[in-house]
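Structure file final-v1.csv (CSV, C-alpha atoms and all ligand atoms) follows.
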```csv
chain,number,residue,atom,x,y,z
A,1,MET,CA,109.1,61.0,117.0
A,2,SER,CA,107.2,63.5,115.0
A,3,THR,CA,109.0,66.5,113.5
A,4,VAL,CA,107.8,70.1,112.8
A,5,ARG,CA,107.2,68.9,109.2
A,6,ASP,CA,105.0,66.1,110.4
A,7,LEU,CA,102.9,68.5,112.5
A,8,ARG,CA,102.1,71.1,109.9
A,9,PRO,CA,102.8,71.3,106.1
A,10,THR,CA,103.1,75.1,106.4
A,11,TRP,CA,106.5,76.4,107.6
A,12,ALA,CA,109.1,79.1,106.9
A,13,GLU,CA,112.6,77.9,106.1
A,14,ILE,CA,115.3,80.3,107.3
A,15,ASP,CA,118.7,80.1,105.5
A,16,ARG,CA,121.3,80.8,108.2
A,17,GLU,CA,124.1,81.0,105.6
A,18,ALA,CA,122.2,83.7,103.7
A,19,PHE,CA,121.9,85.8,106.9
A,20,SER,CA,125.6,85.4,107.7
A,21,ARG,CA,126.6,86.4,104.1
A,22,ASN,CA,124.4,89.5,104.4
A,23,VAL,CA,126.0,90.4,107.7
A,24,ASP,CA,129.4,90.1,106.1
A,25,ALA,CA,128.3,92.1,103.0
A,26,ILE,CA,127.1,95.0,105.2
A,27,ALA,CA,130.1,94.9,107.5
A,28,ARG,CA,132.5,95.0,104.5
A,29,ARG,CA,130.8,98.1,103.1
A,30,LEU,CA,131.4,100.1,106.2
A,31,PRO,CA,134.1,102.8,106.3
A,32,ARG,CA,137.1,102.6,108.5
A,33,GLY,CA,136.4,102.2,112.2
A,34,SER,CA,132.7,101.8,111.7
A,35,GLN,CA,130.8,98.9,113.2
A,36,LEU,CA,127.5,97.2,112.7
A,37,ILE,CA,124.6,97.2,115.3
A,38,ALA,CA,122.4,94.4,114.1
A,39,VAL,CA,118.8,95.4,114.6
A,40,LEU,CA,116.9,92.2,115.5
A,41,LYS,CA,113.6,93.7,116.8
A,42,ALA,CA,110.2,92.0,116.2
A,43,ASP,CA,111.9,88.5,116.5
A,44,ALA,CA,114.5,89.5,113.9
A,45,TYR,CA,111.8,90.7,111.5
A,46,GLY,CA,110.0,87.4,111.9
A,47,HIS,CA,113.2,85.2,111.3
A,48,GLY,CA,113.8,84.3,115.0
A,49,ALA,CA,115.9,86.6,117.1
A,50,VAL,CA,117.8,84.0,119.1
A,51,GLU,CA,118.8,82.0,116.0
A,52,MET,CA,119.9,85.1,114.1
A,53,ALA,CA,121.7,86.6,117.1
A,54,LYS,CA,123.8,83.4,117.4
A,55,LEU,CA,125.0,84.1,113.8
A,56,CYS,CA,126.2,87.6,114.8
A,57,LYS,CA,129.9,87.2,115.5
A,58,PRO,CA,131.8,89.9,117.5
A,59,ASP,CA,134.3,90.5,114.6
A,60,ARG,CA,131.3,91.7,112.5
A,61,VAL,CA,128.7,92.9,114.9
A,62,ALA,CA,129.3,95.4,117.7
A,63,MET,CA,125.9,95.2,119.3
A,64,ILE,CA,122.4,93.7,118.8
A,65,ALA,CA,119.5,96.2,119.1
A,66,THR,CA,115.9,95.4,119.9
A,67,ALA,CA,112.9,97.6,120.3
A,68,LEU,CA,111.5,96.1,123.4
A,69,LEU,CA,113.1,95.2,126.7
A,70,GLU,CA,111.6,91.7,126.6
A,71,GLU,CA,113.3,91.2,123.2
A,72,SER,CA,116.7,91.9,124.7
A,73,LEU,CA,116.0,89.8,127.8
A,74,GLU,CA,115.1,86.9,125.6
A,75,LEU,CA,118.5,87.1,123.9
A,76,ARG,CA,120.3,87.5,127.2
A,77,GLN,CA,118.5,84.4,128.6
A,78,ALA,CA,119.4,82.5,125.5
A,79,GLY,CA,123.0,83.1,126.3
A,80,ILE,CA,123.8,85.7,123.7
A,81,GLU,CA,127.0,87.5,124.9
A,82,LEU,CA,127.2,90.4,122.5
A,83,PRO,CA,126.3,93.8,124.0
A,84,LEU,CA,122.6,94.4,123.8
A,85,PHE,CA,120.9,97.7,123.1
A,86,VAL,CA,117.2,98.6,123.6
A,87,LEU,CA,115.9,101.3,121.4
A,88,GLY,CA,112.9,102.0,123.7
A,89,PRO,CA,111.0,104.0,124.9
A,90,LEU,CA,111.4,102.5,128.4
A,91,SER,CA,109.4,103.1,131.6
A,92,ALA,CA,111.2,103.6,135.0
A,93,SER,CA,110.8,99.9,135.9
A,94,GLN,CA,112.0,98.8,132.5
A,95,ILE,CA,115.1,101.0,132.9
A,96,ARG,CA,115.9,99.5,136.2
A,97,ILE,CA,115.6,95.9,134.8
A,98,ALA,CA,117.7,96.8,131.8
A,99,LEU,CA,120.5,98.2,133.9
A,100,ASP,CA,120.5,95.2,136.3
A,101,GLN,CA,120.8,93.0,133.2
A,102,ARG,CA,123.6,95.0,131.7
A,103,ILE,CA,121.6,96.0,128.7
A,104,THR,CA,122.5,99.3,127.2
A,105,ILE,CA,119.5,101.7,126.9
A,106,GLY,CA,118.7,104.3,124.4
A,107,ILE,CA,117.5,107.4,126.2
A,108,VAL,CA,114.8,109.1,124.0
A,109,GLY,CA,114.1,112.2,126.0
A,110,PRO,CA,114.5,114.3,129.2
A,111,GLU,CA,111.9,112.2,131.0
A,112,GLU,CA,113.9,109.0,130.7
A,113,LEU,CA,117.2,111.0,131.4
A,114,GLU,CA,115.8,112.2,134.7
A,115,ILE,CA,115.0,108.7,135.8
A,116,VAL,CA,118.5,107.5,134.8
A,117,CYS,CA,120.2,110.5,136.5
A,118,GLY,CA,118.3,109.5,139.7
A,119,LEU,CA,119.6,105.9,139.4
A,120,ALA,CA,123.1,107.1,138.6
A,121,ARG,CA,123.4,108.8,142.0
A,122,ASP,CA,124.6,105.5,143.5
A,123,ARG,CA,125.7,103.4,140.5
A,124,ASP,CA,127.5,103.7,137.2
A,125,VAL,CA,125.2,104.0,134.2
A,126,THR,CA,126.1,103.9,130.5
A,127,VAL,CA,123.6,105.0,127.9
A,128,HIS,CA,123.2,106.1,124.3
A,129,LEU,CA,121.3,109.4,123.9
A,130,LYS,CA,118.9,109.9,121.0
A,131,LEU,CA,118.5,113.3,119.3
A,132,ASP,CA,115.5,114.4,117.3
A,133,THR,CA,116.8,115.8,114.1
A,134,GLY,CA,113.6,116.0,112.2
A,135,MET,CA,111.4,112.9,112.7
A,136,GLY,CA,109.4,114.3,115.5
A,137,ARG,CA,108.9,111.0,117.2
A,138,MET,CA,111.6,110.1,119.8
A,139,GLY,CA,114.8,111.9,120.8
A,140,VAL,CA,115.8,115.1,122.5
A,141,THR,CA,114.7,118.3,120.6
A,142,GLU,CA,117.0,121.3,120.1
A,143,GLY,CA,114.9,123.2,122.6
A,144,GLU,CA,115.6,120.6,125.3
A,145,LEU,CA,119.3,120.3,124.6
A,146,ALA,CA,120.7,122.8,127.1
A,147,ARG,CA,118.7,121.3,129.9
A,148,VAL,CA,119.8,117.8,128.9
A,149,ILE,CA,123.4,118.8,128.8
A,150,GLU,CA,123.1,120.3,132.2
A,151,MET,CA,121.6,117.1,133.6
A,152,ILE,CA,124.4,115.0,132.1
A,153,ARG,CA,127.1,117.4,133.4
A,154,SER,CA,125.7,117.2,136.9
A,155,THR,CA,125.6,113.4,137.0
A,156,PRO,CA,129.3,112.2,137.1
A,157,ARG,CA,128.4,108.5,137.2
A,158,LEU,CA,126.4,108.8,134.0
A,159,ARG,CA,128.4,108.0,130.8
A,160,VAL,CA,126.9,108.9,127.4
A,161,GLU,CA,128.7,106.3,125.3
A,162,ALA,CA,127.0,107.4,122.1
A,163,VAL,CA,124.6,109.9,120.6
A,164,TYR,CA,122.4,108.9,117.8
A,165,THR,CA,119.4,109.9,115.6
A,166,HIS,CA,117.1,108.2,113.2
A,167,PHE,CA,116.3,109.2,109.6
A,168,ALA,CA,112.6,109.6,108.5
A,169,ASN,CA,113.1,109.4,104.8
A,170,ALA,CA,116.5,107.8,104.0
A,171,ASP,CA,114.8,105.3,101.7
A,172,ASP,CA,114.1,108.2,99.3
A,173,PRO,CA,117.4,109.5,97.9
A,174,SER,CA,115.6,112.6,96.4
A,175,ASP,CA,114.3,113.7,99.8
A,176,THR,CA,116.5,116.5,101.2
A,177,LEU,CA,115.3,115.9,104.8
A,178,THR,CA,118.1,113.4,105.2
A,179,ASP,CA,120.8,116.1,104.6
A,180,VAL,CA,119.0,118.4,106.9
A,181,GLN,CA,119.0,115.7,109.6
A,182,ILE,CA,122.7,115.0,109.1
A,183,GLU,CA,123.5,118.7,109.5
A,184,LYS,CA,121.3,119.1,112.5
A,185,PHE,CA,122.9,116.0,114.1
A,186,SER,CA,126.4,117.4,113.7
A,187,ALA,CA,125.4,120.7,115.3
A,188,MET,CA,123.5,119.1,118.2
A,189,SER,CA,126.0,116.3,118.8
A,190,ALA,CA,128.9,118.7,119.0
A,191,ALA,CA,127.4,120.0,122.2
A,192,ILE,CA,127.6,116.5,123.8
A,193,ARG,CA,131.0,115.0,123.8
A,194,ALA,CA,130.2,111.3,123.3
A,195,PRO,CA,132.8,108.8,121.9
A,196,ARG,CA,130.4,107.3,119.4
A,197,HIS,CA,127.8,108.4,116.9
A,198,HIS,CA,125.2,106.4,115.0
A,199,LEU,CA,122.6,107.6,112.4
A,200,ALA,CA,122.2,105.2,109.6
A,201,ASN,CA,119.5,102.6,109.1
A,202,SER,CA,119.6,100.1,106.3
A,203,ALA,CA,118.8,102.6,103.6
A,204,ALA,CA,121.3,105.2,104.7
A,205,THR,CA,124.0,102.5,105.2
A,206,LEU,CA,123.5,101.2,101.6
A,207,ARG,CA,123.5,104.7,100.3
A,208,GLY,CA,126.9,105.2,102.0
A,209,LEU,CA,125.7,107.9,104.4
A,210,VAL,CA,128.1,106.8,107.1
A,211,GLU,CA,131.1,108.7,108.5
A,212,PRO,CA,134.2,106.7,109.4
A,213,GLY,CA,134.0,105.5,113.0
A,214,ASP,CA,130.2,105.8,113.2
A,215,PHE,CA,128.1,102.8,114.1
A,216,VAL,CA,125.2,101.8,111.8
A,217,ARG,CA,121.9,100.3,112.9
A,218,VAL,CA,120.9,97.9,110.2
A,219,GLY,CA,117.8,95.7,110.3
A,220,VAL,CA,115.8,94.9,107.2
A,221,ALA,CA,118.7,94.7,104.7
A,222,LEU,CA,120.1,91.8,106.7
A,223,PHE,CA,117.1,89.7,105.6
A,224,GLY,CA,117.6,90.2,101.9
A,225,VAL,CA,114.6,92.4,101.0
A,226,GLU,CA,115.0,95.3,98.6
A,227,VAL,CA,116.4,98.5,100.1
A,228,VAL,CA,117.0,101.6,97.8
A,229,GLY,CA,117.1,99.4,94.7
A,230,SER,CA,119.5,96.8,95.9
A,231,ARG,CA,119.0,93.5,97.6
A,232,LEU,CA,121.2,91.0,99.5
A,233,ASP,CA,120.3,87.3,99.7
A,234,PRO,CA,116.7,86.5,100.8
A,235,VAL,CA,116.8,84.6,104.1
A,236,MET,CA,113.2,83.3,104.4
A,237,ARG,CA,111.3,80.9,102.2
A,238,TRP,CA,107.7,80.4,103.2
A,239,ARG,CA,106.1,77.2,101.9
A,240,THR,CA,103.0,75.1,102.2
A,241,GLU,CA,101.3,72.2,100.4
A,242,ILE,CA,98.2,71.5,98.2
A,243,MET,CA,95.8,69.9,100.6
A,244,ARG,CA,92.7,69.7,98.4
A,245,LEU,CA,92.4,69.7,94.7
A,246,LYS,CA,89.1,69.9,92.8
A,247,ASP,CA,87.6,70.5,89.4
A,248,LEU,CA,84.9,73.1,89.3
A,249,PRO,CA,82.6,74.1,86.4
A,250,PRO,CA,82.5,77.6,85.0
A,251,GLY,CA,80.6,80.1,87.1
A,252,HIS,CA,81.4,78.5,90.4
A,253,GLY,CA,82.0,80.9,93.4
A,254,ILE,CA,85.1,80.6,95.5
A,255,GLY,CA,85.5,81.5,99.2
A,256,TYR,CA,83.8,83.9,101.6
A,257,GLY,CA,81.7,86.5,99.7
A,258,THR,CA,82.3,84.5,96.5
A,259,THR,CA,84.4,87.3,95.2
A,260,PHE,CA,85.8,85.1,92.5
A,261,HIS,CA,83.8,83.0,90.0
A,262,THR,CA,85.5,80.5,87.7
A,263,LEU,CA,85.3,81.6,84.0
A,264,ARG,CA,86.1,78.2,82.6
A,265,PRO,CA,86.3,74.6,83.8
A,266,SER,CA,88.9,75.1,86.6
A,267,ARG,CA,91.2,73.2,88.9
A,268,ILE,CA,91.2,74.9,92.3
A,269,ALA,CA,93.7,74.0,95.0
A,270,THR,CA,93.3,74.7,98.7
A,271,LEU,CA,96.3,75.6,100.9
A,272,PRO,CA,96.5,75.3,104.7
A,273,VAL,CA,97.5,78.9,105.4
A,274,GLY,CA,95.6,82.1,106.0
A,275,TYR,CA,95.6,85.6,107.4
A,276,ALA,CA,96.0,84.1,111.0
A,277,ASP,CA,99.4,83.0,109.7
A,278,GLY,CA,100.2,86.5,108.4
A,279,TYR,CA,99.3,85.9,104.8
A,280,ASP,CA,97.7,89.3,104.3
A,281,ARG,CA,94.0,89.4,103.6
A,282,ASN,CA,94.7,92.2,101.0
A,283,LEU,CA,96.2,89.5,98.9
A,284,SER,CA,92.7,88.1,98.2
A,285,ASN,CA,92.4,87.8,94.3
A,286,ASN,CA,95.7,89.7,94.3
A,287,ALA,CA,98.8,87.5,94.5
A,288,TYR,CA,100.7,84.6,93.0
A,289,VAL,CA,102.2,81.5,94.5
A,290,LEU,CA,104.6,79.0,92.9
A,291,VAL,CA,103.5,75.4,92.1
A,292,ARG,CA,106.1,73.3,90.4
A,293,GLY,CA,108.1,76.5,89.6
A,294,ARG,CA,105.1,78.2,87.9
A,295,ARG,CA,103.0,81.1,89.1
A,296,ALA,CA,99.4,80.3,90.1
A,297,PRO,CA,97.0,83.1,91.0
A,298,VAL,CA,95.3,83.4,94.4
A,299,VAL,CA,91.6,83.3,93.8
A,300,GLY,CA,88.9,84.3,96.2
A,301,ARG,CA,89.3,85.8,99.6
A,302,ILE,CA,92.1,84.8,102.0
A,303,SER,CA,90.4,83.0,104.9
A,304,MET,CA,91.8,82.9,108.5
A,305,ASP,CA,93.3,79.4,107.8
A,306,LEU,CA,93.0,78.8,104.1
A,307,VAL,CA,94.0,80.1,100.7
A,308,THR,CA,92.6,79.0,97.3
A,309,ILE,CA,94.6,79.1,94.1
A,310,ASP,CA,93.8,78.4,90.5
A,311,VAL,CA,96.0,75.7,89.0
A,312,THR,CA,94.1,75.1,85.8
A,313,ASP,CA,97.1,76.1,83.8
A,314,ILE,CA,99.4,73.7,85.8
A,315,PRO,CA,97.9,70.4,84.9
A,316,GLU,CA,100.7,68.4,86.6
A,317,ALA,CA,99.7,69.9,90.0
A,318,ARG,CA,99.0,67.1,92.5
A,319,TYR,CA,97.7,66.7,96.0
A,320,GLY,CA,100.7,67.2,98.4
A,321,ASP,CA,102.7,69.4,96.0
A,322,GLU,CA,104.9,72.0,97.6
A,323,VAL,CA,103.6,75.6,97.2
A,324,ILE,CA,105.9,78.6,97.7
A,325,LEU,CA,104.2,81.6,99.2
A,326,MET,CA,107.3,83.7,99.5
A,327,GLY,CA,110.8,83.0,98.2
A,328,ASP,CA,112.3,81.6,95.0
A,329,GLY,CA,111.4,84.7,93.1
A,330,ILE,CA,108.3,85.8,95.0
A,331,SER,CA,109.8,88.5,97.1
A,332,ALA,CA,108.5,90.1,100.3
A,333,ASP,CA,108.5,93.3,98.3
A,334,GLU,CA,106.1,91.9,95.7
A,335,LEU,CA,103.7,90.7,98.4
A,336,ALA,CA,104.1,94.1,100.2
A,337,LYS,CA,103.3,96.1,97.0
A,338,ARG,CA,100.3,94.0,96.3
A,339,ALA,CA,99.0,94.2,99.9
A,340,GLY,CA,99.5,97.9,100.0
A,341,THR,CA,102.2,97.8,102.7
A,342,ILE,CA,106.0,97.5,103.2
A,343,SER,CA,108.3,94.4,103.3
A,344,TYR,CA,108.9,95.0,107.0
A,345,ASP,CA,105.2,94.5,107.7
A,346,VAL,CA,105.0,91.3,105.5
A,347,LEU,CA,108.0,89.7,107.4
A,348,CYS,CA,107.1,90.6,110.9
A,349,ARG,CA,103.5,89.7,110.6
A,350,ILE,CA,104.2,86.0,109.8
A,351,SER,CA,102.8,84.6,113.0
A,352,LYS,CA,103.9,82.2,115.7
A,353,ARG,CA,101.6,79.6,114.1
A,354,VAL,CA,104.2,79.2,111.3
A,355,PRO,CA,107.1,77.1,112.5
A,356,ARG,CA,110.5,78.3,111.5
A,357,LEU,CA,112.9,75.7,110.3
A,358,TYR,CA,116.6,76.6,110.3
A,359,LYS,CA,118.9,75.4,107.5
B,401,LIG,C1,114.1,99.6,113.2
B,401,LIG,C2,115.2,100.6,113.5
B,401,LIG,C3,116.4,100.6,112.7
B,401,LIG,C4,116.6,99.6,111.6
B,401,LIG,O1,115.9,100.0,110.5
B,401,LIG,P1,116.0,99.2,109.1
B,401,LIG,O2,115.3,100.1,108.1
B,401,LIG,O3,115.3,97.9,109.3
B,401,LIG,O4,117.5,99.0,108.8
B,401,LIG,C5,117.4,101.5,113.1
B,401,LIG,N1,117.2,102.4,114.0
B,401,LIG,C6,116.0,102.5,114.7
B,401,LIG,C7,115.9,103.5,115.8
B,401,LIG,C8,115.0,101.6,114.5
B,401,LIG,O5,113.8,101.7,115.1
```
Could you express the structure from this file as structure tokens?
Amino acid sequence: MSTVRDLRPTWAEIDREAFSRNVDAIARRLPRGSQLIAVLKADAYGHGAVEMAKLCKPDRVAMIATALLEESLELRQAGIELPLFVLGPLSASQIRIALDQRITIGIVGPEELEIVCGLARDRDVTVHLKLDTGMGRMGVTEGELARVIEMIRSTPRLRVEAVYTHFANADDPSDTLTDVQIEKFSAMSAAIRAPRHHLANSAATLRGLVEPGDFVRVGVALFGVEVVGSRLDPVMRWRTEIMRLKDLPPGHGIGYGTTFHTLRPSRIATLPVGYADGYDRNLSNNAYVLVRGRRAPVVGRISMDLVTIDVTDIPEARYGDEVILMGDGISADELAKRAGTISYDVLCRISKRVPRLYK
């Protein structure tokens, strides 16, 4: 029988133990009474939501949050028993499906609240309510608050289990908007008596901006990428293999647009991975991979399915050698900086074409 490894020499190894250690490390940092909501949206930032959800134990994780309804449904259908929370936004039909599946919904404004109040005329409905404290994207604004409170008051079968907000700039400790948002949240949430609050994402959690008893919504930090200067254990290692190795004379062009020309007699290796796998095209002539533990530069443009590297300075390199694209010291953050984006984007763009192997 053929295995994933036989089918394609490019895959991402996911270290389950690293993820579990990261969950523990975050849970241990929380103040008394606080609990972790593990944010596993975008297929757990590319790591595989079902597999990561299975590692979330009820003593460590209070809920699992996803962005989309389908993402929560996938977890429910895979037999995940932890409470599920959809961040939304959600349409009327999505709200109905979520409630039928006992998935907690985040209400992001009066429009959704009105739909929910209608449904709560003949059933019990539990929600979390989002407040806009400065990000201007989702959540109830200050101006809408009185109307929202009245809607909640007049719907006895609606239970607001938690109120929450989201920080725009928590990854920048010098940005004062976070303090403004915290103050605004205390003023607005005081008007709605909900048993629970949650504000902090990964950055705010690692900065300790968590009140005892508050939940935190942590995503990216669980995967071991850098957040406000600290990093837990990287969970993903993305590898491929040398599939073509050739000697080229000086002055030879490489790849589409021949944006690189060899300057010396060169050994060029071709890798079976490309931008269709999520290896960012902005890494053309602008990244390193690891061959036999040494850095080799990406030369020429990233193609849809292929990458070329210069291994002239690694004479031991052979056909079939393992090549590390990310991991073992090449961080998602490094690739993100080079590609002009953020680690979140690097991780969740690694496409379905790349098999995930779980250790
Ligand atoms: C994605 C998301 C989070 C998690 O953010 P990280 O920076 O990955 O920890 C928390 N809350 C909301 C509303 C989100 O959309």
* Asked: Residues at most 12 Å from A:Glu111, counting only C-alpha atoms, excluding those fewer than 2 positions away in the same chain, as a VMD selection string?
  -> chain A and resid 89 to 92 95 107 to 109 113 to 118 138 to 140 144 147 to 148 151
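With all atoms listed in the file as the atoms that count, the residue of A:Val50, A:Ile342, A:Leu87, A:Val323 with the shortest distance to ligand LIG 401 (chain B) is A:Leu87.
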* To do: Please provide the set of residues having any atom within 12 Å of A:Pro315, restricted to only C-alpha atoms, with same-chain residues fewer than 5 positions apart removed, written as a list in words.
  =>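 Near A:Pro315, the qualifying residues are Leu245, Lys246, Asp247, Ser266, Arg267, Ile268, Ala269, Val291, Arg292, Arg294, Ala296 and Asp310 of chain A.
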Now that the selection is made, can you save its residues with C-alpha atoms as a PDB file, keeping the file's coordinate frame?
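This went into out.pdb:
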```
ATOM      1  CA  LEU A 245      92.400  69.700  94.700  1.00  0.00           C
ATOM      2  CA  LYS A 246      89.100  69.900  92.800  1.00  0.00           C
ATOM      3  CA  ASP A 247      87.600  70.500  89.400  1.00  0.00           C
ATOM      4  CA  SER A 266      88.900  75.100  86.600  1.00  0.00           C
ATOM      5  CA  ARG A 267      91.200  73.200  88.900  1.00  0.00           C
ATOM      6  CA  ILE A 268      91.200  74.900  92.300  1.00  0.00           C
ATOM      7  CA  ALA A 269      93.700  74.000  95.000  1.00  0.00           C
ATOM      8  CA  VAL A 291     103.500  75.400  92.100  1.00  0.00           C
ATOM      9  CA  ARG A 292     106.100  73.300  90.400  1.00  0.00           C
ATOM     10  CA  ARG A 294     105.100  78.200  87.900  1.00  0.00           C
ATOM     11  CA  ALA A 296      99.400  80.300  90.100  1.00  0.00           C
ATOM     12  CA  ASP A 310      93.800  78.400  90.500  1.00  0.00           C
TER      13      ASP A 310
END
```
Neighbouring residues of ligand LIG 401 (chain B) are defined here as those with any atom at most 8 Å from a ligand atom, counting all atoms listed in the file; list them as a PDB file with C-alpha atoms, keeping the file's coordinate frame.
```
ATOM      1  CA  VAL A  39     118.800  95.400 114.600  1.00  0.00           C
ATOM      2  CA  LYS A  41     113.600  93.700 116.800  1.00  0.00           C
ATOM      3  CA  ALA A  67     112.900  97.600 120.300  1.00  0.00           C
ATOM      4  CA  LEU A  87     115.900 101.300 121.400  1.00  0.00           C
ATOM      5  CA  THR A 165     119.400 109.900 115.600  1.00  0.00           C
ATOM      6  CA  HIS A 166     117.100 108.200 113.200  1.00  0.00           C
ATOM      7  CA  LEU A 199     122.600 107.600 112.400  1.00  0.00           C
ATOM      8  CA  ALA A 200     122.200 105.200 109.600  1.00  0.00           C
ATOM      9  CA  ASN A 201     119.500 102.600 109.100  1.00  0.00           C
ATOM     10  CA  SER A 202     119.600 100.100 106.300  1.00  0.00           C
ATOM     11  CA  ALA A 203     118.800 102.600 103.600  1.00  0.00           C
ATOM     12  CA  VAL A 216     125.200 101.800 111.800  1.00  0.00           C
ATOM     13  CA  ARG A 217     121.900 100.300 112.900  1.00  0.00           C
ATOM     14  CA  VAL A 218     120.900  97.900 110.200  1.00  0.00           C
ATOM     15  CA  GLY A 219     117.800  95.700 110.300  1.00  0.00           C
ATOM     16  CA  VAL A 220     115.800  94.900 107.200  1.00  0.00           C
ATOM     17  CA  ALA A 221     118.700  94.700 104.700  1.00  0.00           C
ATOM     18  CA  LEU A 222     120.100  91.800 106.700  1.00  0.00           C
ATOM     19  CA  TYR A 344     108.900  95.000 107.000  1.00  0.00           C
TER      20      TYR A 344
END
```
* In terms of the shortest atom-to-atom distance over only C-alpha atoms, which of A:Gly79, A:Thr205, A:Leu69, A:Pro173 is closest to A:Leu99? ->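 Comparing A:Gly79, A:Thr205, A:Leu69, A:Pro173 against A:Leu99, the winner is A:Leu69.
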* Asked: What does the distance from atom CA of A:Ala49 to atom CA of A:Arg281 come to in Å, to one decimal?
  ->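 Value for the atom CA of A:Ala49-atom CA of A:Arg281 distance: 25.9 Å.
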* Write out as a list in words which residues come within 12 Å of A:Gly274 when counting all atoms listed in the file, dropping same-chain ones fewer than 5 positions away. =>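 Neighbouring residues, sequence-local ones excluded: Thr10, Thr240, Tyr279, Asp280, Arg281, Asn282, Leu283, Ser284, Val298, Arg301, Ile302, Ser303, Met304, Asp305, Leu306, Val307, Thr308, Leu325, Arg349, Ile350, Ser351, Arg353 and Val354 of chain A.
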* Option closest in space to A:Val125, from A:Ala146, A:Leu347, A:Leu40, A:Ile103 [counting all atoms listed in the file] ->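 Using all atoms listed in the file, the shortest distance to A:Val125 belongs to A:Ile103.
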